[in-house]
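What follows is the content of input.cif (mmCIF, N, CA and C atoms).
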```cif
data_upload
#
loop_
_atom_site.label_atom_id
_atom_site.label_comp_id
_atom_site.auth_asym_id
_atom_site.auth_seq_id
_atom_site.Cartn_x
_atom_site.Cartn_y
_atom_site.Cartn_z
N MET A 2 0.85 -1.17 0.00
CA MET A 2 0.00 0.00 0.00
C MET A 2 0.89 1.24 0.00
N LEU A 3 0.70 2.09 -1.00
CA LEU A 3 1.47 3.32 -1.10
C LEU A 3 0.79 4.42 -0.31
N THR A 4 1.60 5.31 0.24
CA THR A 4 1.07 6.48 0.92
C THR A 4 1.84 7.70 0.46
N TRP A 5 1.20 8.84 0.51
CA TRP A 5 1.83 10.10 0.17
C TRP A 5 2.34 10.71 1.46
N ASN A 6 3.61 11.09 1.48
CA ASN A 6 4.20 11.76 2.63
C ASN A 6 4.26 13.24 2.34
N ASP A 7 3.53 14.02 3.13
CA ASP A 7 3.52 15.46 2.92
C ASP A 7 4.94 16.01 2.98
N ALA A 8 5.25 16.84 2.00
CA ALA A 8 6.53 17.55 2.01
C ALA A 8 6.35 18.80 2.86
N SER A 9 7.32 19.10 3.67
CA SER A 9 7.18 20.22 4.60
C SER A 9 7.00 21.55 3.88
N ASP A 10 7.51 21.65 2.66
CA ASP A 10 7.40 22.93 1.96
C ASP A 10 6.50 22.86 0.73
N SER A 11 5.62 21.86 0.67
CA SER A 11 4.73 21.76 -0.49
C SER A 11 3.40 22.43 -0.20
N ASP A 12 2.68 22.69 -1.25
CA ASP A 12 1.38 23.33 -1.16
C ASP A 12 0.36 22.37 -0.57
N ARG A 13 -0.52 22.88 0.27
CA ARG A 13 -1.55 22.06 0.91
C ARG A 13 -2.46 21.41 -0.13
N LEU A 14 -2.81 22.12 -1.19
CA LEU A 14 -3.68 21.54 -2.23
C LEU A 14 -3.00 20.39 -2.96
N VAL A 15 -1.71 20.51 -3.19
CA VAL A 15 -0.96 19.42 -3.84
C VAL A 15 -0.97 18.19 -2.93
N ASP A 16 -0.71 18.41 -1.64
CA ASP A 16 -0.73 17.29 -0.70
C ASP A 16 -2.11 16.63 -0.63
N GLU A 17 -3.17 17.43 -0.56
CA GLU A 17 -4.53 16.88 -0.50
C GLU A 17 -4.85 16.07 -1.76
N GLU A 18 -4.46 16.57 -2.91
CA GLU A 18 -4.70 15.87 -4.16
C GLU A 18 -3.99 14.52 -4.18
N HIS A 19 -2.75 14.48 -3.71
CA HIS A 19 -2.01 13.22 -3.66
C HIS A 19 -2.65 12.24 -2.67
N HIS A 20 -3.09 12.73 -1.53
CA HIS A 20 -3.76 11.85 -0.57
C HIS A 20 -5.01 11.22 -1.18
N LYS A 21 -5.83 12.02 -1.87
CA LYS A 21 -7.04 11.50 -2.51
C LYS A 21 -6.70 10.43 -3.54
N LEU A 22 -5.70 10.72 -4.36
CA LEU A 22 -5.30 9.77 -5.40
C LEU A 22 -4.82 8.46 -4.79
N TYR A 23 -3.99 8.53 -3.78
CA TYR A 23 -3.46 7.32 -3.16
C TYR A 23 -4.57 6.52 -2.48
N ARG A 24 -5.53 7.20 -1.86
CA ARG A 24 -6.66 6.46 -1.25
C ARG A 24 -7.43 5.70 -2.33
N MET A 25 -7.69 6.36 -3.45
CA MET A 25 -8.42 5.69 -4.52
C MET A 25 -7.63 4.51 -5.06
N MET A 26 -6.34 4.72 -5.30
CA MET A 26 -5.51 3.65 -5.84
C MET A 26 -5.48 2.46 -4.88
N ASN A 27 -5.35 2.71 -3.61
CA ASN A 27 -5.29 1.62 -2.64
C ASN A 27 -6.64 0.90 -2.51
N ARG A 28 -7.75 1.62 -2.71
CA ARG A 28 -9.06 0.96 -2.70
C ARG A 28 -9.25 0.10 -3.94
N LEU A 29 -8.71 0.53 -5.08
CA LEU A 29 -8.88 -0.22 -6.32
C LEU A 29 -7.90 -1.39 -6.46
N GLU A 30 -6.80 -1.35 -5.72
CA GLU A 30 -5.78 -2.38 -5.86
C GLU A 30 -6.34 -3.80 -5.73
N PRO A 31 -7.13 -4.12 -4.69
CA PRO A 31 -7.64 -5.50 -4.60
C PRO A 31 -8.52 -5.88 -5.79
N ALA A 32 -9.31 -4.94 -6.29
CA ALA A 32 -10.17 -5.25 -7.44
C ALA A 32 -9.33 -5.51 -8.69
N ILE A 33 -8.27 -4.75 -8.85
CA ILE A 33 -7.41 -4.95 -10.02
C ILE A 33 -6.68 -6.28 -9.93
N LEU A 34 -6.19 -6.61 -8.76
CA LEU A 34 -5.39 -7.82 -8.61
C LEU A 34 -6.24 -9.10 -8.58
N ALA A 35 -7.47 -9.00 -8.12
CA ALA A 35 -8.28 -10.20 -7.96
C ALA A 35 -9.36 -10.37 -9.02
N ALA A 36 -9.55 -9.40 -9.89
CA ALA A 36 -10.64 -9.48 -10.87
C ALA A 36 -10.51 -10.74 -11.72
N ASP A 37 -11.63 -11.45 -11.85
CA ASP A 37 -11.61 -12.67 -12.66
C ASP A 37 -12.54 -12.55 -13.87
N LYS A 38 -13.12 -11.38 -14.05
CA LYS A 38 -13.98 -11.13 -15.21
C LYS A 38 -13.45 -9.92 -15.95
N PRO A 39 -13.41 -9.98 -17.27
CA PRO A 39 -12.86 -8.85 -18.05
C PRO A 39 -13.52 -7.52 -17.75
N GLU A 40 -14.84 -7.52 -17.58
CA GLU A 40 -15.53 -6.25 -17.35
C GLU A 40 -15.19 -5.65 -15.99
N ALA A 41 -14.99 -6.49 -14.97
CA ALA A 41 -14.61 -5.99 -13.65
C ALA A 41 -13.21 -5.40 -13.68
N LEU A 42 -12.31 -6.07 -14.37
CA LEU A 42 -10.95 -5.59 -14.47
C LEU A 42 -10.89 -4.29 -15.27
N GLU A 43 -11.60 -4.26 -16.39
CA GLU A 43 -11.65 -3.06 -17.24
C GLU A 43 -12.18 -1.87 -16.46
N ARG A 44 -13.23 -2.10 -15.69
CA ARG A 44 -13.81 -1.00 -14.91
C ARG A 44 -12.83 -0.47 -13.87
N ALA A 45 -12.19 -1.35 -13.12
CA ALA A 45 -11.25 -0.92 -12.08
C ALA A 45 -10.05 -0.18 -12.68
N ILE A 46 -9.47 -0.76 -13.71
CA ILE A 46 -8.30 -0.10 -14.32
C ILE A 46 -8.74 1.18 -15.03
N GLY A 47 -9.89 1.16 -15.66
CA GLY A 47 -10.39 2.36 -16.32
C GLY A 47 -10.61 3.50 -15.34
N MET A 48 -11.16 3.20 -14.18
CA MET A 48 -11.35 4.23 -13.15
C MET A 48 -10.01 4.80 -12.70
N LEU A 49 -9.05 3.92 -12.47
CA LEU A 49 -7.75 4.38 -12.02
C LEU A 49 -7.06 5.18 -13.11
N TYR A 50 -7.14 4.71 -14.35
CA TYR A 50 -6.52 5.43 -15.47
C TYR A 50 -7.10 6.84 -15.58
N GLN A 51 -8.42 6.93 -15.55
CA GLN A 51 -9.08 8.23 -15.67
C GLN A 51 -8.67 9.16 -14.54
N ARG A 52 -8.63 8.64 -13.33
CA ARG A 52 -8.27 9.47 -12.17
C ARG A 52 -6.81 9.89 -12.23
N MET A 53 -5.93 8.99 -12.67
CA MET A 53 -4.51 9.35 -12.81
C MET A 53 -4.35 10.42 -13.88
N ALA A 54 -5.05 10.30 -15.00
CA ALA A 54 -4.96 11.30 -16.06
C ALA A 54 -5.43 12.66 -15.55
N GLN A 55 -6.52 12.69 -14.80
CA GLN A 55 -7.00 13.94 -14.22
C GLN A 55 -5.97 14.53 -13.25
N HIS A 56 -5.39 13.67 -12.45
CA HIS A 56 -4.38 14.10 -11.49
C HIS A 56 -3.18 14.71 -12.22
N PHE A 57 -2.73 14.05 -13.27
CA PHE A 57 -1.58 14.55 -14.01
C PHE A 57 -1.90 15.87 -14.71
N ASP A 58 -3.12 16.01 -15.24
CA ASP A 58 -3.53 17.30 -15.82
C ASP A 58 -3.48 18.39 -14.76
N TYR A 59 -3.97 18.07 -13.57
CA TYR A 59 -3.96 19.02 -12.46
C TYR A 59 -2.52 19.43 -12.11
N GLU A 60 -1.63 18.46 -12.00
CA GLU A 60 -0.24 18.76 -11.71
C GLU A 60 0.37 19.67 -12.78
N GLU A 61 0.08 19.37 -14.04
CA GLU A 61 0.65 20.16 -15.12
C GLU A 61 0.09 21.58 -15.13
N GLU A 62 -1.17 21.74 -14.71
CA GLU A 62 -1.74 23.08 -14.58
C GLU A 62 -1.07 23.85 -13.44
N LEU A 63 -0.74 23.15 -12.36
CA LEU A 63 -0.10 23.81 -11.22
C LEU A 63 1.37 24.13 -11.45
N ALA A 64 1.94 23.54 -12.46
CA ALA A 64 3.39 23.67 -12.70
C ALA A 64 3.71 24.95 -13.47
N PHE A 65 3.12 26.04 -13.06
CA PHE A 65 3.28 27.30 -13.78
C PHE A 65 4.64 27.95 -13.58
N GLY A 66 5.35 27.62 -12.54
CA GLY A 66 6.62 28.28 -12.27
C GLY A 66 7.84 27.49 -12.68
N ILE A 67 7.68 26.50 -13.54
CA ILE A 67 8.82 25.66 -13.89
C ILE A 67 9.30 25.97 -15.30
N THR A 68 10.49 25.54 -15.60
CA THR A 68 11.07 25.78 -16.92
C THR A 68 10.45 24.83 -17.95
N PRO A 69 10.58 25.14 -19.22
CA PRO A 69 10.09 24.21 -20.26
C PRO A 69 10.75 22.83 -20.16
N ASP A 70 12.02 22.78 -19.81
CA ASP A 70 12.69 21.47 -19.67
C ASP A 70 12.11 20.68 -18.50
N GLU A 71 11.84 21.36 -17.39
CA GLU A 71 11.23 20.68 -16.23
C GLU A 71 9.82 20.19 -16.58
N PHE A 72 9.08 21.01 -17.33
CA PHE A 72 7.74 20.61 -17.74
C PHE A 72 7.80 19.38 -18.64
N ALA A 73 8.78 19.34 -19.54
CA ALA A 73 8.93 18.19 -20.44
C ALA A 73 9.20 16.92 -19.64
N VAL A 74 10.04 17.01 -18.60
CA VAL A 74 10.33 15.86 -17.74
C VAL A 74 9.05 15.41 -17.03
N LEU A 75 8.31 16.36 -16.49
CA LEU A 75 7.06 16.06 -15.80
C LEU A 75 6.07 15.37 -16.74
N HIS A 76 5.87 15.94 -17.91
CA HIS A 76 4.91 15.39 -18.86
C HIS A 76 5.33 13.99 -19.34
N LYS A 77 6.62 13.81 -19.60
CA LYS A 77 7.12 12.50 -20.04
C LYS A 77 6.89 11.44 -18.95
N ALA A 78 7.13 11.81 -17.69
CA ALA A 78 6.91 10.88 -16.58
C ALA A 78 5.44 10.52 -16.46
N HIS A 79 4.56 11.50 -16.63
CA HIS A 79 3.12 11.23 -16.57
C HIS A 79 2.70 10.26 -17.67
N LYS A 80 3.20 10.49 -18.86
CA LYS A 80 2.87 9.60 -19.98
C LYS A 80 3.36 8.17 -19.72
N ALA A 81 4.56 8.03 -19.17
CA ALA A 81 5.11 6.69 -18.89
C ALA A 81 4.25 5.94 -17.87
N ILE A 82 3.77 6.64 -16.86
CA ILE A 82 2.94 5.99 -15.83
C ILE A 82 1.59 5.59 -16.43
N LEU A 83 1.00 6.46 -17.23
CA LEU A 83 -0.27 6.10 -17.88
C LEU A 83 -0.07 4.95 -18.85
N ASP A 84 1.08 4.89 -19.52
CA ASP A 84 1.37 3.77 -20.40
C ASP A 84 1.44 2.45 -19.63
N LEU A 85 1.98 2.50 -18.41
CA LEU A 85 2.00 1.28 -17.58
C LEU A 85 0.58 0.80 -17.28
N LEU A 86 -0.32 1.73 -16.98
CA LEU A 86 -1.71 1.33 -16.75
C LEU A 86 -2.34 0.76 -18.02
N ALA A 87 -2.02 1.33 -19.17
CA ALA A 87 -2.55 0.80 -20.43
C ALA A 87 -2.03 -0.62 -20.67
N ARG A 88 -0.76 -0.85 -20.37
CA ARG A 88 -0.20 -2.20 -20.51
C ARG A 88 -0.87 -3.17 -19.53
N LEU A 89 -1.15 -2.69 -18.32
CA LEU A 89 -1.85 -3.51 -17.32
C LEU A 89 -3.23 -3.89 -17.85
N ARG A 90 -3.91 -2.94 -18.44
CA ARG A 90 -5.25 -3.18 -18.98
C ARG A 90 -5.22 -4.21 -20.10
N ALA A 91 -4.14 -4.24 -20.86
CA ALA A 91 -4.04 -5.14 -22.01
C ALA A 91 -3.70 -6.59 -21.63
N LEU A 92 -3.30 -6.84 -20.40
CA LEU A 92 -2.96 -8.20 -19.99
C LEU A 92 -4.19 -9.09 -19.99
N PRO A 93 -4.02 -10.37 -20.28
CA PRO A 93 -5.15 -11.30 -20.20
C PRO A 93 -5.68 -11.38 -18.76
N VAL A 94 -6.98 -11.45 -18.63
CA VAL A 94 -7.62 -11.49 -17.32
C VAL A 94 -7.09 -12.63 -16.47
N GLY A 95 -6.84 -13.78 -17.07
CA GLY A 95 -6.42 -14.95 -16.31
C GLY A 95 -4.96 -14.93 -15.87
N ASP A 96 -4.18 -13.99 -16.35
CA ASP A 96 -2.75 -13.95 -16.01
C ASP A 96 -2.52 -13.09 -14.77
N MET A 97 -2.89 -13.65 -13.63
CA MET A 97 -2.79 -12.89 -12.38
C MET A 97 -1.36 -12.57 -11.99
N ASP A 98 -0.42 -13.48 -12.28
CA ASP A 98 0.98 -13.21 -11.95
C ASP A 98 1.50 -11.99 -12.72
N ALA A 99 1.19 -11.95 -14.00
CA ALA A 99 1.62 -10.81 -14.81
C ALA A 99 0.95 -9.53 -14.32
N ARG A 100 -0.33 -9.63 -13.93
CA ARG A 100 -1.04 -8.47 -13.42
C ARG A 100 -0.41 -7.95 -12.14
N ARG A 101 -0.05 -8.86 -11.24
CA ARG A 101 0.61 -8.45 -9.99
C ARG A 101 1.96 -7.77 -10.28
N ARG A 102 2.73 -8.35 -11.20
CA ARG A 102 4.03 -7.76 -11.55
C ARG A 102 3.85 -6.37 -12.16
N MET A 103 2.92 -6.25 -13.09
CA MET A 103 2.71 -4.97 -13.76
C MET A 103 2.17 -3.93 -12.79
N PHE A 104 1.28 -4.34 -11.89
CA PHE A 104 0.76 -3.38 -10.91
C PHE A 104 1.89 -2.95 -9.97
N GLY A 105 2.77 -3.88 -9.62
CA GLY A 105 3.94 -3.53 -8.81
C GLY A 105 4.85 -2.55 -9.54
N GLU A 106 5.04 -2.76 -10.85
CA GLU A 106 5.83 -1.81 -11.65
C GLU A 106 5.18 -0.43 -11.65
N PHE A 107 3.86 -0.41 -11.80
CA PHE A 107 3.12 0.85 -11.77
C PHE A 107 3.31 1.56 -10.44
N GLN A 108 3.15 0.83 -9.33
CA GLN A 108 3.32 1.44 -8.02
C GLN A 108 4.74 1.96 -7.81
N ALA A 109 5.73 1.18 -8.23
CA ALA A 109 7.13 1.61 -8.09
C ALA A 109 7.39 2.85 -8.93
N ALA A 110 6.86 2.89 -10.14
CA ALA A 110 7.06 4.06 -11.00
C ALA A 110 6.38 5.29 -10.41
N LEU A 111 5.21 5.11 -9.84
CA LEU A 111 4.50 6.22 -9.22
C LEU A 111 5.25 6.74 -8.00
N ALA A 112 5.75 5.82 -7.18
CA ALA A 112 6.52 6.23 -5.99
C ALA A 112 7.78 7.00 -6.40
N ARG A 113 8.49 6.48 -7.42
CA ARG A 113 9.68 7.18 -7.92
C ARG A 113 9.31 8.57 -8.44
N HIS A 114 8.25 8.62 -9.21
CA HIS A 114 7.78 9.89 -9.76
C HIS A 114 7.50 10.89 -8.64
N ASP A 115 6.76 10.45 -7.64
CA ASP A 115 6.41 11.35 -6.55
C ASP A 115 7.64 11.82 -5.78
N ASN A 116 8.54 10.90 -5.49
CA ASN A 116 9.73 11.25 -4.69
C ASN A 116 10.78 12.03 -5.48
N GLU A 117 10.97 11.66 -6.75
CA GLU A 117 12.06 12.25 -7.52
C GLU A 117 11.63 13.45 -8.36
N ILE A 118 10.35 13.53 -8.69
CA ILE A 118 9.89 14.63 -9.55
C ILE A 118 8.91 15.54 -8.81
N ASP A 119 7.79 14.99 -8.34
CA ASP A 119 6.76 15.83 -7.74
C ASP A 119 7.25 16.60 -6.51
N MET A 120 7.79 15.88 -5.55
CA MET A 120 8.18 16.58 -4.31
C MET A 120 9.19 17.70 -4.58
N PRO A 121 10.29 17.44 -5.27
CA PRO A 121 11.22 18.54 -5.50
C PRO A 121 10.64 19.64 -6.40
N LEU A 122 9.89 19.24 -7.42
CA LEU A 122 9.38 20.20 -8.38
C LEU A 122 8.33 21.11 -7.74
N PHE A 123 7.39 20.52 -7.03
CA PHE A 123 6.32 21.33 -6.48
C PHE A 123 6.76 22.12 -5.25
N SER A 124 7.72 21.64 -4.51
CA SER A 124 8.22 22.46 -3.41
C SER A 124 8.94 23.66 -3.99
N LYS A 125 9.64 23.47 -5.12
CA LYS A 125 10.34 24.57 -5.80
C LYS A 125 9.33 25.50 -6.47
N ALA A 126 8.38 24.92 -7.19
CA ALA A 126 7.45 25.73 -7.99
C ALA A 126 6.49 26.55 -7.12
N MET A 127 6.17 26.05 -5.96
CA MET A 127 5.18 26.73 -5.14
C MET A 127 5.80 27.84 -4.28
N HIS A 128 7.11 27.87 -4.22
CA HIS A 128 7.72 28.88 -3.32
C HIS A 128 8.71 29.74 -4.06
#
```
Would you mind writing the file out in structure tokens?
Amino acid sequence: MLTWNDASDSDRLVDEEHHKLYRMMNRLEPAILAADKPEALERAIGMLYQRMAQHFDYEEELAFGITPDEFAVLHKAHKAILDLLARLRALPVGDMDARRRMFGEFQAALARHDNEIDMPLFSKAMH
């Protein structure tokens, strides 16, 4: 289970947004990992994909104080994480081992993104 750790110098709205996203992701995790019907899996991953895309749009809107190069890094990272969810969605429903591995890759990529990009970028951009 992933959690968002508030950065001491980050914006309260950014922290709240991350907490909401992580709560949703953690609630959907069991449904994604245990789904045995294509429609149940599609719905759970679709909900997460949509929410992640909204979250990334929100982050990119808030990133008004960053350089074009920093924005490119942020946008590229967002696309890579959404691509992981698309790959997860494309896995066969019966391949639970592959689904667990891919979901683990998604979680690891998200944690790296938050720690290496979001926290430093938004603490810098907001102040």
### Expansion of the PyMOL selection byres ((chain A and resi 84-89) around 6.5) into residues, as a PyMOL selection string
chain A and resi 50+79-83+90-92+100+103-104+107
### Task
Could you give me, as a list in words, the residues within 8 Å of segment 34-41 of chain A, counting only N, CA and C atoms and dropping anything in the same chain fewer than 6 positions from it?
Gly47, Pro93, Val94, Gly95, Met97, Arg100, Arg101 and Phe104 of chain A
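The nearest approach to Leu22 of chain A among the residues A:Met53, A:Ala78, A:Ala109, A:Ala45, with all atoms listed in the file taken into account, belongs to A:Met53.
Distances to Phe123 of chain A were evaluated for A:Leu42, A:Ala54, A:Ile67, A:Leu49 using only C-alpha atoms, and the minimum falls at A:Ile67.
Distance annotation: of A:Asp98, A:Glu61, A:Glu30, A:Asp115, the residue with the minimal separation from Ile46 of chain A is A:Glu30; atom set is only C-alpha atoms.
Atom pair atom CA of Pro31 of chain A / atom N of Arg102 of chain A has a distance of 12.6 Å (rounded to one decimal).
Among the candidates A:Thr68, A:Leu29, A:Tyr59, A:Leu75, the one nearest to Asp119 of chain A when counting all atoms listed in the file is A:Leu75.
Here atom N of Arg28 of chain A stands at a distance of 24.5 Å from atom C of His76 of chain A.
Note that the spacing between atom C of Gln55 of chain A and atom CA of Val74 of chain A amounts to 17.0 Å.
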Could you write out as AutoDock Vina command-line options the box around segment 73-85 of chain A (axis-aligned, all atoms listed in the file, 3 Å on each side), with centre and edge lengths in Å to one decimal?
```
--center_x 5.0 --center_y 10.1 --center_z -18.1 --size_x 16.6 --size_y 24.5 --size_z 10.6
```
